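Below is the file model_17.tsv, which contains TSV, C-alpha atoms.
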chain	number	residue	atom	x	y	z
Z	1389	MET	CA	10.75	114.16	8.40
Z	1390	ALA	CA	11.19	115.74	11.80
Z	1391	ASP	CA	7.46	116.33	12.35
Z	1392	GLU	CA	6.55	112.64	12.11
Z	1393	PRO	CA	5.31	111.34	15.48
Z	1394	LEU	CA	7.94	109.70	17.69
Z	1395	VAL	CA	6.27	106.94	19.72
Z	1396	LEU	CA	7.43	104.24	22.12
Z	1397	GLY	CA	5.38	101.03	22.12
Z	1398	ILE	CA	5.19	98.37	24.83
Z	1399	GLU	CA	4.04	94.79	24.13
Z	1400	THR	CA	3.51	92.25	26.93
Z	1401	SER	CA	0.55	90.16	25.74
Z	1402	CYS	CA	2.34	86.82	26.13
Z	1403	ASP	CA	5.93	85.81	26.90
Z	1404	GLU	CA	7.96	88.53	25.18
Z	1405	THR	CA	8.62	91.93	26.70
Z	1406	GLY	CA	8.84	94.04	23.56
Z	1407	VAL	CA	9.69	97.73	23.43
Z	1408	GLY	CA	9.82	99.49	20.07
Z	1409	ILE	CA	10.43	103.09	19.03
Z	1410	VAL	CA	9.07	104.40	15.74
Z	1411	ARG	CA	9.19	107.77	13.99
Z	1412	GLY	CA	6.27	107.86	11.54
Z	1413	THR	CA	6.75	104.61	9.62
Z	1414	THR	CA	10.48	104.33	10.39
Z	1415	LEU	CA	11.70	101.81	12.95
Z	1416	LEU	CA	14.35	103.27	15.27
Z	1417	ALA	CA	14.58	100.56	17.93
Z	1418	ASP	CA	13.13	97.13	18.63
Z	1419	ALA	CA	14.22	95.65	21.95
Z	1420	VAL	CA	12.93	92.28	23.13
Z	1421	ALA	CA	13.42	90.30	26.32
Z	1422	SER	CA	11.93	86.82	25.94
Z	1423	SER	CA	10.99	84.44	28.73
Z	1424	VAL	CA	10.45	81.57	26.26
Z	1425	ASP	CA	13.29	79.51	27.80
Z	1426	GLU	CA	11.63	79.71	31.21
Z	1427	HIS	CA	8.40	78.33	29.71
Z	1428	ALA	CA	10.05	75.64	27.59
Z	1429	ARG	CA	10.46	73.31	30.55
Z	1430	PHE	CA	6.70	73.46	31.16
Z	1431	GLY	CA	5.94	72.84	27.46
Z	1432	GLY	CA	3.84	75.99	27.20
Z	1433	VAL	CA	3.46	79.52	28.48
Z	1434	VAL	CA	2.77	79.81	32.21
Z	1435	PRO	CA	0.95	83.11	32.92
Z	1436	GLU	CA	2.51	83.74	36.35
Z	1437	VAL	CA	6.00	83.08	35.00
Z	1438	ALA	CA	5.32	85.48	32.12
Z	1439	SER	CA	4.04	88.30	34.36
Z	1440	ARG	CA	7.04	88.05	36.68
Z	1441	ALA	CA	9.45	88.04	33.72
Z	1442	HIS	CA	7.79	91.17	32.25
Z	1443	LEU	CA	8.13	92.97	35.58
Z	1444	GLU	CA	11.84	92.23	35.76
Z	1445	ALA	CA	12.52	93.02	32.11
Z	1446	MET	CA	10.40	96.15	31.65
Z	1447	VAL	CA	12.64	99.03	32.73
Z	1448	PRO	CA	15.91	97.61	31.33
Z	1449	THR	CA	14.20	96.86	27.99
Z	1450	ILE	CA	12.77	100.40	27.76
Z	1451	GLN	CA	16.19	101.86	28.58
Z	1452	ARG	CA	17.82	99.67	25.93
Z	1453	ALA	CA	15.30	100.80	23.29
Z	1454	LEU	CA	15.84	104.49	24.08
Z	1455	LYS	CA	19.60	103.99	23.86
Z	1456	ASP	CA	19.32	102.06	20.55
Z	1457	ALA	CA	17.14	104.84	19.09
Z	1458	GLY	CA	19.53	107.52	20.33
Z	1459	ILE	CA	16.77	109.53	21.99
Z	1460	THR	CA	15.67	110.42	25.50
Z	1461	ALA	CA	12.20	109.71	26.91
Z	1462	LYS	CA	11.44	113.47	26.84
Z	1463	ASP	CA	11.69	113.46	23.03
Z	1464	LEU	CA	8.68	111.13	22.69
Z	1465	ASP	CA	5.31	112.34	21.37
Z	1466	GLY	CA	3.37	109.49	22.95
Z	1467	ILE	CA	3.42	106.05	24.54
Z	1468	SER	CA	1.41	103.15	23.14
Z	1469	VAL	CA	0.79	99.79	24.78
Z	1470	THR	CA	-1.02	96.55	23.99
Z	1471	ALA	CA	-4.27	96.70	25.99
Z	1472	GLY	CA	-5.47	93.30	24.67
Z	1473	PRO	CA	-6.09	90.61	23.70
Z	1474	GLY	CA	-3.60	88.48	25.63
Z	1475	LEU	CA	-2.86	87.06	29.08
Z	1476	ALA	CA	-4.52	89.36	31.63
Z	1477	GLY	CA	-1.66	89.44	34.14
Z	1478	ALA	CA	0.99	89.94	31.47
Z	1479	LEU	CA	-0.99	92.75	29.76
Z	1480	LEU	CA	-1.40	94.48	33.09
Z	1481	VAL	CA	2.36	94.81	33.56
Z	1482	GLY	CA	2.68	96.59	30.21
Z	1483	VAL	CA	-0.34	98.83	30.75
Z	1484	SER	CA	0.86	99.87	34.22
Z	1485	ALA	CA	4.34	100.66	32.90
Z	1486	ALA	CA	2.94	102.65	29.97
Z	1487	LYS	CA	0.72	104.68	32.30
Z	1488	ALA	CA	3.61	105.41	34.64
Z	1489	TYR	CA	5.88	106.59	31.82
Z	1490	ALA	CA	3.15	108.60	30.04
Z	1491	TYR	CA	2.12	110.22	33.31
Z	1492	ALA	CA	5.65	111.04	34.42
Z	1493	LEU	CA	6.54	112.48	31.01
Z	1494	GLY	CA	3.21	114.28	30.50
Z	1495	LYS	CA	2.66	112.46	27.17
Z	1496	PRO	CA	-0.53	111.01	25.67
Z	1497	LEU	CA	-1.22	107.31	26.26
Z	1498	TYR	CA	-2.65	104.96	23.60
Z	1499	GLY	CA	-3.99	101.53	24.54
Z	1500	VAL	CA	-3.97	99.58	21.26
Z	1501	ASN	CA	-5.16	96.24	19.95
Z	1502	HIS	CA	-2.63	93.43	19.59
Z	1503	LEU	CA	-4.12	92.16	16.30
Z	1504	ALA	CA	-4.38	95.59	14.68
Z	1505	SER	CA	-0.72	96.11	15.69
Z	1506	HIS	CA	0.28	92.92	13.84
Z	1507	ILE	CA	-1.25	94.43	10.68
Z	1508	CYS	CA	0.22	97.90	11.19
Z	1509	VAL	CA	3.80	96.64	11.64
Z	1510	ASP	CA	4.04	96.07	7.89
Z	1511	GLN	CA	4.24	99.85	7.43
Z	1512	LEU	CA	7.71	99.75	8.95
Z	1513	GLU	CA	8.91	97.54	6.13
Z	1514	HIS	CA	6.76	98.25	3.07
Z	1515	GLY	CA	5.47	101.79	3.65
Z	1516	SER	CA	1.92	102.96	4.34
Z	1517	LEU	CA	-0.78	100.30	4.26
Z	1518	PRO	CA	-3.10	100.42	1.28
Z	1519	GLU	CA	-6.75	100.97	2.20
Z	1520	PRO	CA	-8.50	98.62	2.27
Z	1521	THR	CA	-6.05	95.89	3.29
Z	1522	MET	CA	-6.92	92.23	3.72
Z	1523	ALA	CA	-4.93	90.68	6.55
Z	1524	LEU	CA	-4.38	87.06	7.46
Z	1525	LEU	CA	-3.09	86.92	11.03
Z	1526	VAL	CA	-1.76	83.58	12.18
Z	1527	SER	CA	-0.23	83.18	15.62
Z	1528	GLY	CA	-0.17	80.99	18.71
Z	1529	GLY	CA	-3.54	82.25	19.88
Z	1530	HIS	CA	-5.25	83.49	16.72
Z	1531	SER	CA	-5.92	82.69	13.10
Z	1532	SER	CA	-8.02	85.51	11.69
Z	1533	LEU	CA	-8.99	87.03	8.36
Z	1534	LEU	CA	-9.47	90.76	8.81
Z	1535	LEU	CA	-10.45	93.56	6.46
Z	1536	SER	CA	-9.12	96.99	7.40
Z	1537	THR	CA	-10.18	100.24	5.75
Z	1538	ASP	CA	-8.48	102.38	8.44
Z	1539	ILE	CA	-6.07	100.64	10.81
Z	1540	THR	CA	-6.79	103.17	13.59
Z	1541	SER	CA	-10.58	102.87	13.55
Z	1542	ASP	CA	-12.02	100.23	11.24
Z	1543	VAL	CA	-10.98	96.58	11.30
Z	1544	ARG	CA	-13.67	94.05	10.36
Z	1545	PRO	CA	-13.30	90.35	11.19
Z	1546	LEU	CA	-14.35	88.10	8.27
Z	1547	GLY	CA	-13.28	84.82	9.83
Z	1548	ALA	CA	-11.47	83.34	12.80
Z	1549	THR	CA	-10.44	80.05	14.38
Z	1550	ILE	CA	-13.31	78.24	16.00
Z	1551	ASP	CA	-11.04	75.92	18.02
Z	1552	ASP	CA	-7.22	75.59	18.03
Z	1553	ALA	CA	-5.29	78.39	16.37
Z	1554	ALA	CA	-2.64	77.37	13.83
Z	1555	GLY	CA	0.21	78.12	16.24
Z	1556	GLU	CA	-1.34	75.93	18.94
Z	1557	ALA	CA	-1.62	73.07	16.47
Z	1558	PHE	CA	2.09	73.40	15.61
Z	1559	ASP	CA	2.99	73.33	19.32
Z	1560	LYS	CA	0.83	70.28	20.01
Z	1561	ILE	CA	2.09	68.24	17.06
Z	1562	ALA	CA	5.69	69.14	17.95
Z	1563	ARG	CA	4.98	67.84	21.44
Z	1564	VAL	CA	3.57	64.54	20.10
Z	1565	LEU	CA	6.71	64.19	17.92
Z	1566	ASN	CA	8.93	65.06	20.94
Z	1567	LEU	CA	10.46	68.03	19.10
Z	1568	GLY	CA	10.18	70.52	21.98
Z	1569	PHE	CA	8.57	73.96	22.37
Z	1570	PRO	CA	7.79	76.27	20.59
Z	1571	GLY	CA	6.69	74.00	17.74
Z	1572	GLY	CA	6.50	76.36	14.75
Z	1573	PRO	CA	10.17	76.87	13.90
Z	1574	VAL	CA	11.18	73.25	14.57
Z	1575	ILE	CA	8.39	71.73	12.42
Z	1576	ASP	CA	9.27	74.22	9.67
Z	1577	ARG	CA	12.86	72.97	9.80
Z	1578	TYR	CA	12.00	69.24	9.66
Z	1579	ALA	CA	9.34	69.82	6.98
Z	1580	LYS	CA	11.96	71.19	4.58
Z	1581	GLU	CA	13.39	67.66	4.30
Z	1582	GLY	CA	10.03	65.87	4.15
Z	1583	ASP	CA	7.40	65.17	1.52
Z	1584	PRO	CA	4.29	67.38	1.90
Z	1585	ALA	CA	2.23	64.86	-0.08
Z	1586	ALA	CA	3.39	61.80	1.88
Z	1587	ILE	CA	0.31	61.63	4.12
Z	1588	ALA	CA	-3.15	62.94	3.24
Z	1589	PHE	CA	-4.15	64.84	6.37
Z	1590	PRO	CA	-7.59	66.54	6.43
Z	1591	ARG	CA	-8.16	70.16	5.32
Z	1592	GLY	CA	-10.46	71.63	7.98
Z	1593	LEU	CA	-13.64	73.56	7.09
Z	1594	THR	CA	-13.16	73.42	3.31
Z	1595	GLY	CA	-16.45	71.72	2.40
Z	1596	PRO	CA	-19.15	73.50	0.37
Z	1597	ARG	CA	-21.35	74.03	3.44
Z	1598	ASP	CA	-18.55	75.14	5.77
Z	1599	PRO	CA	-18.11	78.81	6.74
Z	1600	ALA	CA	-15.97	80.30	3.96
Z	1601	TYR	CA	-13.48	82.20	6.10
Z	1602	ASP	CA	-13.39	80.38	9.45
Z	1603	PHE	CA	-10.58	78.04	10.44
Z	1604	SER	CA	-10.49	74.80	12.40
Z	1605	PHE	CA	-7.32	72.88	13.21
Z	1606	SER	CA	-8.43	70.60	16.02
Z	1607	GLY	CA	-9.58	67.82	13.66
Z	1608	LEU	CA	-6.25	67.98	11.84
Z	1609	LYS	CA	-4.35	67.89	15.12
Z	1610	THR	CA	-6.28	64.82	16.29
Z	1611	SER	CA	-5.81	63.10	12.94
Z	1612	VAL	CA	-2.02	63.66	12.96
Z	1613	ALA	CA	-1.73	62.53	16.59
Z	1614	ARG	CA	-3.74	59.35	15.84
Z	1615	TRP	CA	-1.60	58.61	12.77
Z	1616	ILE	CA	1.57	58.90	14.87
Z	1617	GLU	CA	0.13	56.77	17.69
Z	1618	ALA	CA	-0.92	54.03	15.24
Z	1619	ARG	CA	2.63	53.84	13.85
Z	1620	ARG	CA	4.10	53.64	17.35
Z	1621	ALA	CA	1.58	50.96	18.37
Z	1622	GLU	CA	2.84	48.84	15.44
Z	1623	GLY	CA	6.38	49.36	16.70
Z	1624	GLU	CA	7.30	51.27	13.55
Z	1625	ASP	CA	9.45	54.36	13.29
Z	1626	VAL	CA	7.57	57.63	12.82
Z	1627	PRO	CA	8.82	59.50	9.71
Z	1628	VAL	CA	9.18	62.85	11.51
Z	1629	ARG	CA	10.11	64.80	8.37
Z	1630	ASP	CA	7.20	63.52	6.27
Z	1631	VAL	CA	4.71	63.98	9.13
Z	1632	SER	CA	5.99	67.54	9.69
Z	1633	ALA	CA	5.79	68.39	5.98
Z	1634	SER	CA	2.34	66.84	5.46
Z	1635	PHE	CA	0.91	68.44	8.61
Z	1636	GLN	CA	2.39	71.85	7.74
Z	1637	GLU	CA	1.03	71.61	4.18
Z	1638	ALA	CA	-2.49	70.90	5.50
Z	1639	VAL	CA	-2.33	74.05	7.65
Z	1640	VAL	CA	-0.87	76.46	5.10
Z	1641	ASP	CA	-3.01	75.09	2.25
Z	1642	VAL	CA	-6.19	76.05	4.12
Z	1643	LEU	CA	-4.83	79.39	5.36
Z	1644	THR	CA	-3.71	80.60	1.93
Z	1645	ARG	CA	-6.73	79.20	0.09
Z	1646	LYS	CA	-9.18	81.06	2.35
Z	1647	ALA	CA	-7.17	84.28	2.34
Z	1648	VAL	CA	-7.02	84.44	-1.47
Z	1649	ARG	CA	-10.73	83.64	-1.68
Z	1650	ALA	CA	-11.53	86.49	0.73
Z	1651	CYS	CA	-9.49	88.93	-1.38
Z	1652	LYS	CA	-11.38	87.90	-4.52
Z	1653	ASP	CA	-14.80	88.02	-2.84
Z	1654	GLU	CA	-14.17	91.48	-1.32
Z	1655	GLY	CA	-12.43	92.87	-4.41
Z	1656	VAL	CA	-9.21	93.63	-2.52
Z	1657	ASP	CA	-5.93	93.32	-4.42
Z	1658	HIS	CA	-3.61	93.35	-1.40
Z	1659	LEU	CA	-2.99	90.63	1.15
Z	1660	MET	CA	-0.92	91.18	4.26
Z	1661	ILE	CA	0.14	88.18	6.35
Z	1662	GLY	CA	1.28	88.69	9.94
Z	1663	GLY	CA	1.54	87.05	13.36
Z	1664	GLY	CA	4.09	84.53	14.59
Z	1665	VAL	CA	3.20	81.73	12.16
Z	1666	ALA	CA	3.78	84.16	9.25
Z	1667	ALA	CA	7.47	83.47	9.90
Z	1668	ASN	CA	6.82	79.97	8.50
Z	1669	SER	CA	8.74	79.54	5.24
Z	1670	ARG	CA	6.16	77.28	3.57
Z	1671	LEU	CA	3.29	79.66	4.37
Z	1672	ARG	CA	5.23	82.49	2.73
Z	1673	ALA	CA	6.09	80.42	-0.35
Z	1674	LEU	CA	2.58	79.07	-0.95
Z	1675	ALA	CA	0.97	82.49	-0.34
Z	1676	GLU	CA	3.40	84.05	-2.82
Z	1677	GLU	CA	2.53	81.41	-5.43
Z	1678	ARG	CA	-1.26	81.69	-5.00
Z	1679	CYS	CA	-1.31	85.48	-4.81
Z	1680	GLU	CA	0.74	85.79	-7.96
Z	1681	ARG	CA	-1.69	83.51	-9.78
Z	1682	ALA	CA	-4.66	85.57	-8.55
Z	1683	GLY	CA	-3.07	88.97	-9.29
Z	1684	ILE	CA	-2.90	89.91	-5.59
Z	1685	ARG	CA	0.02	91.87	-4.10
Z	1686	LEU	CA	1.40	90.06	-1.07
Z	1687	ARG	CA	2.99	91.90	1.84
Z	1688	VAL	CA	4.70	89.91	4.58
Z	1689	PRO	CA	6.97	91.62	7.11
Z	1690	ARG	CA	10.33	89.97	7.81
Z	1691	PRO	CA	10.10	87.14	10.38
Z	1692	GLY	CA	11.40	89.26	13.28
Z	1693	LEU	CA	8.48	91.67	12.86
Z	1694	CYS	CA	5.89	88.88	12.58
Z	1695	THR	CA	6.38	87.49	16.08
Z	1696	ASP	CA	5.19	89.64	19.02
Z	1697	ASN	CA	7.29	92.80	19.34
Z	1698	GLY	CA	7.16	96.36	20.60
Z	1699	ALA	CA	7.77	97.84	17.14
Z	1700	MET	CA	4.27	96.86	15.97
Z	1701	VAL	CA	2.67	98.58	18.98
Z	1702	ALA	CA	4.77	101.70	18.37
Z	1703	ALA	CA	3.82	101.62	14.66
Z	1704	LEU	CA	0.10	101.65	15.48
Z	1705	GLY	CA	0.65	104.30	18.18
Z	1706	ALA	CA	2.43	106.54	15.66
Z	1707	GLU	CA	-0.49	106.10	13.25
Z	1708	MET	CA	-2.92	107.08	16.06
Z	1709	VAL	CA	-0.94	110.28	16.68
Z	1710	ALA	CA	-0.60	111.00	12.94
Z	1711	ARG	CA	-4.37	110.67	12.47
Z	1712	ASN	CA	-5.21	112.67	15.60
Z	1713	ARG	CA	-7.02	109.80	17.33
Z	1714	GLN	CA	-8.14	110.52	20.87
Z	1715	PRO	CA	-5.68	109.17	23.47
Z	1716	SER	CA	-6.77	106.63	26.07
Z	1717	SER	CA	-7.83	107.84	29.50
Z	1718	TRP	CA	-5.89	107.15	32.69
Z	1719	ASP	CA	-8.37	104.49	33.73
Z	1720	LEU	CA	-7.30	102.38	30.71
Z	1721	SER	CA	-7.30	98.75	31.76
Z	1722	ALA	CA	-6.04	95.55	30.17
Z	1723	ASP	CA	-8.73	93.56	28.38
Z	1724	SER	CA	-7.69	89.96	27.73
Z	1725	SER	CA	-10.42	89.54	25.10
Z	1726	LEU	CA	-10.36	93.00	23.46
Z	1727	PRO	CA	-12.22	92.60	20.12
Z	1728	VAL	CA	-10.30	93.46	16.96
Z	1729	THR	CA	-13.15	95.80	16.00
Z	1730	GLU	CA	-11.56	98.14	18.58
Z	1731	PRO	CA	-8.10	99.00	17.20
Z	1732	HIS	CA	-7.63	101.23	20.22
Z	1733	VAL	CA	-9.29	102.08	23.50
Z	1734	PRO	CA	-10.16	105.79	23.45
Z	1735	GLY	CA	-10.41	107.99	26.51
Z	1736	HIS	CA	-13.35	109.49	28.34
Z	1737	HIS	CA	-11.61	112.81	28.79
Z	1738	HIS	CA	-8.94	114.77	26.98
Z	1739	HIS	CA	-5.29	114.31	27.83
Z	1740	ASP	CA	-4.62	118.03	28.29
Z	1741	HIS	CA	-5.66	117.48	31.89
Z	1742	VAL	CA	-2.74	115.12	32.40
Z	1743	HIS	CA	-1.32	117.03	35.33
Z	1744	GLU	CA	-4.63	117.37	37.14
Z	1745	VAL	CA	-4.93	113.60	37.53
Z	1746	SER	CA	-4.23	112.65	41.11
Z	1747	LYS	CA	-1.57	109.98	41.65
Z	1748	GLU	CA	-4.16	107.71	43.32
Z	1749	ASN	CA	-6.21	107.37	40.11
Z	1750	LEU	CA	-3.21	106.14	38.21
Z	1751	TYR	CA	-3.11	102.88	40.06
Z	1752	SER	CA	-6.79	102.30	40.67
What is this structure when it is put down as structure tokens?
Amino acid sequence: MADEPLVLGIETSCDETGVGIVRGTTLLADAVASSVDEHARFGGVVPEVASRAHLEAMVPTIQRALKDAGITAKDLDGISVTAGPGLAGALLVGVSAAKAYAYALGKPLYGVNHLASHICVDQLEHGSLPEPTMALLVSGGHSSLLLSTDITSDVRPLGATIDDAAGEAFDKIARVLNLGFPGGPVIDRYAKEGDPAAIAFPRGLTGPRDPAYDFSFSGLKTSVARWIEARRAEGEDVPVRDVSASFQEAVVDVLTRKAVRACKDEGVDHLMIGGGVAANSRLRALAEERCERAGIRLRVPRPGLCTDNGAMVAALGAEMVARNRQPSSWDLSADSSLPVTEPHVPGHHHHDHVHEVSKENLYS
């Protein structure tokens, strides 16, 4: 349909410069420049390195996306950008670029929420999101259970991680096992050849008095690290495959168990899983199994759309335009701890006055 909104989305919350272009719920381009190799030698993401990499990658990545989509910047109906949560310096690069493009092109600007974007991206693969949708978001920085009745205005957090997010736990255990960074994909690979029941690692926050939907992985992480250290102290080989499989099972068991329980408690028959850790093959398989048993429809975007990308930001931006949400104002700023209850940051004034804004305000 020609009248579906055409939106370019910019994502710079961590170490990937993502630029996506979406028409309605159709993905036209998804360009990514990753600085993950530059961080690997530090064993984690270094904010200053990330910000510099975003600066260098921004314009070429936007140009590549426009070329891939076969459109020019003038064709766009709006620009959306991750305004938070994320690394402050990295977010700022994206927000500044989005403002500059929106201002130069005279298009509305939408500052959107990173977590809401992770939910919305599923529209690009499986069509419009059912309302309400239960979402389990699992990434390097977050593990959250969210209930969304309208992805542009109403996202309610039911539970979240109270210490280490699942992705962080994967990275830390990979480091203890000397498997490198990032830890998710490499542990997934080793776990395929291991026995998930080999070692009984703890399932965090699953007791009768524990909060039903919150997650905790720091006890698990400590327990796995201690188990490995004890083996090494005895001079024994560490069974990397079994440790990987047993650790991974402890994480995905808790994630899927709590997500299915939330669906039942809230009477929601759809579960969407997103975020970087949703690319994990065991998480997908166990979720599929448990949802089927509970009569819940599972939606998981393909792995490339689960990790941080510009397409998800464009998808949410297109939904904002389609539902006539108010654009953000020119004094939009990056908010490293933007709450998920704010799917987007609306403006104080209407965007019809775009050309009256003085150039000074743009950079203040």
Discussion item. Can you pull out the residues contacting range 1597-1600 of chain Z? Cut-off 12 Å, using all atoms listed in the file, and skip same-chain residues under 5 positions away; I want them as a list of chain:residue names.
Written reply: Z:Leu1533, Z:Leu1546, Z:Gly1547, Z:Ala1548, Z:Thr1549, Z:Ile1550, Z:Arg1591, Z:Gly1592, Z:Val1642, Z:Leu1643, Z:Arg1645, Z:Lys1646, Z:Ala1647, Z:Val1648, Z:Arg1649, Z:Ala1650, Z:Asp1653
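The space separating CA of Gly1466 in chain Z from CA of Val1509 in chain Z comes to 17.1 Å.
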Which range 1522-1579 of chain Z residues have any atom within 12 Å of an atom of range 1473-1494 of chain Z, and for each, what is the nearest pair of atoms with distance in Å to one decimal, counting all atoms listed in the file, rows sorted by chain and number, as JSON lines?
{"residue": "Z:Ser1527", "atom": "CA", "partner": "Z:Gly1474", "partner_atom": "CA", "distance": 11.8}
{"residue": "Z:Gly1528", "atom": "CA", "partner": "Z:Gly1474", "partner_atom": "CA", "distance": 10.8}
{"residue": "Z:Gly1529", "atom": "CA", "partner": "Z:Gly1474", "partner_atom": "CA", "distance": 8.5}
{"residue": "Z:His1530", "atom": "CA", "partner": "Z:Pro1473", "partner_atom": "CA", "distance": 10.0}
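Rounded to one decimal, CA of Leu1517 in chain Z and CA of Ala1667 in chain Z lie 19.6 Å from each other.
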Fill in: Surrounding residues of Pro1573 in chain Z excluding itself and chain neighbours under 2 positions, 12 Å, only C-alpha atoms, as a PyMOL selection string
chain Z and resi 1555+1558-1559+1562+1567-1571+1575-1580+1632+1636+1664-1670+1691+1695
Discussion item. Need the shell around Leu1454 in chain Z: protein/DNA/RNA residues with any atom at most 12 Å away, counting all atoms listed in the file. Skip same-chain ones fewer than 4 positions apart. Format as a PyMOL selection string?
Written reply: chain Z and resi 1394-1397+1407-1410+1416-1419+1447-1450+1458-1464
Discussion item. Give me the residues near Pro1689 in chain Z as a ChimeraX atom specification, where near means some atom within 9 Å (using only C-alpha atoms) and where sequence neighbours in that chain fewer than 2 positions away do not count.
Written reply: /Z:1509-1514,1660-1662,1666-1667,1687,1691-1694
If you keep C-alpha atoms, can you produce a file of those selected residues as an mmCIF file, in the frame of the given file?
data_model
loop_
_atom_site.group_PDB
_atom_site.id
_atom_site.type_symbol
_atom_site.label_atom_id
_atom_site.label_comp_id
_atom_site.auth_asym_id
_atom_site.auth_seq_id
_atom_site.Cartn_x
_atom_site.Cartn_y
_atom_site.Cartn_z
ATOM 1 C CA VAL Z 1509 3.800 96.640 11.640
ATOM 2 C CA ASP Z 1510 4.040 96.070 7.890
ATOM 3 C CA GLN Z 1511 4.240 99.850 7.430
ATOM 4 C CA LEU Z 1512 7.710 99.750 8.950
ATOM 5 C CA GLU Z 1513 8.910 97.540 6.130
ATOM 6 C CA HIS Z 1514 6.760 98.250 3.070
ATOM 7 C CA MET Z 1660 -0.920 91.180 4.260
ATOM 8 C CA ILE Z 1661 0.140 88.180 6.350
ATOM 9 C CA GLY Z 1662 1.280 88.690 9.940
ATOM 10 C CA ALA Z 1666 3.780 84.160 9.250
ATOM 11 C CA ALA Z 1667 7.470 83.470 9.900
ATOM 12 C CA ARG Z 1687 2.990 91.900 1.840
ATOM 13 C CA PRO Z 1691 10.100 87.140 10.380
ATOM 14 C CA GLY Z 1692 11.400 89.260 13.280
ATOM 15 C CA LEU Z 1693 8.480 91.670 12.860
ATOM 16 C CA CYS Z 1694 5.890 88.880 12.580
#
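When all atoms listed in the file are used to compute distances to Pro1496 in chain Z, the closest of the residues Z:Leu1659, Z:Ala1438, Z:Ile1467, Z:Leu1674 turns out to be Z:Ile1467.
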Worksheet entry | Two-atom distance - CA of Val1728 in chain Z, CA of Asp1542 in chain Z (Å) | 9.0 Å
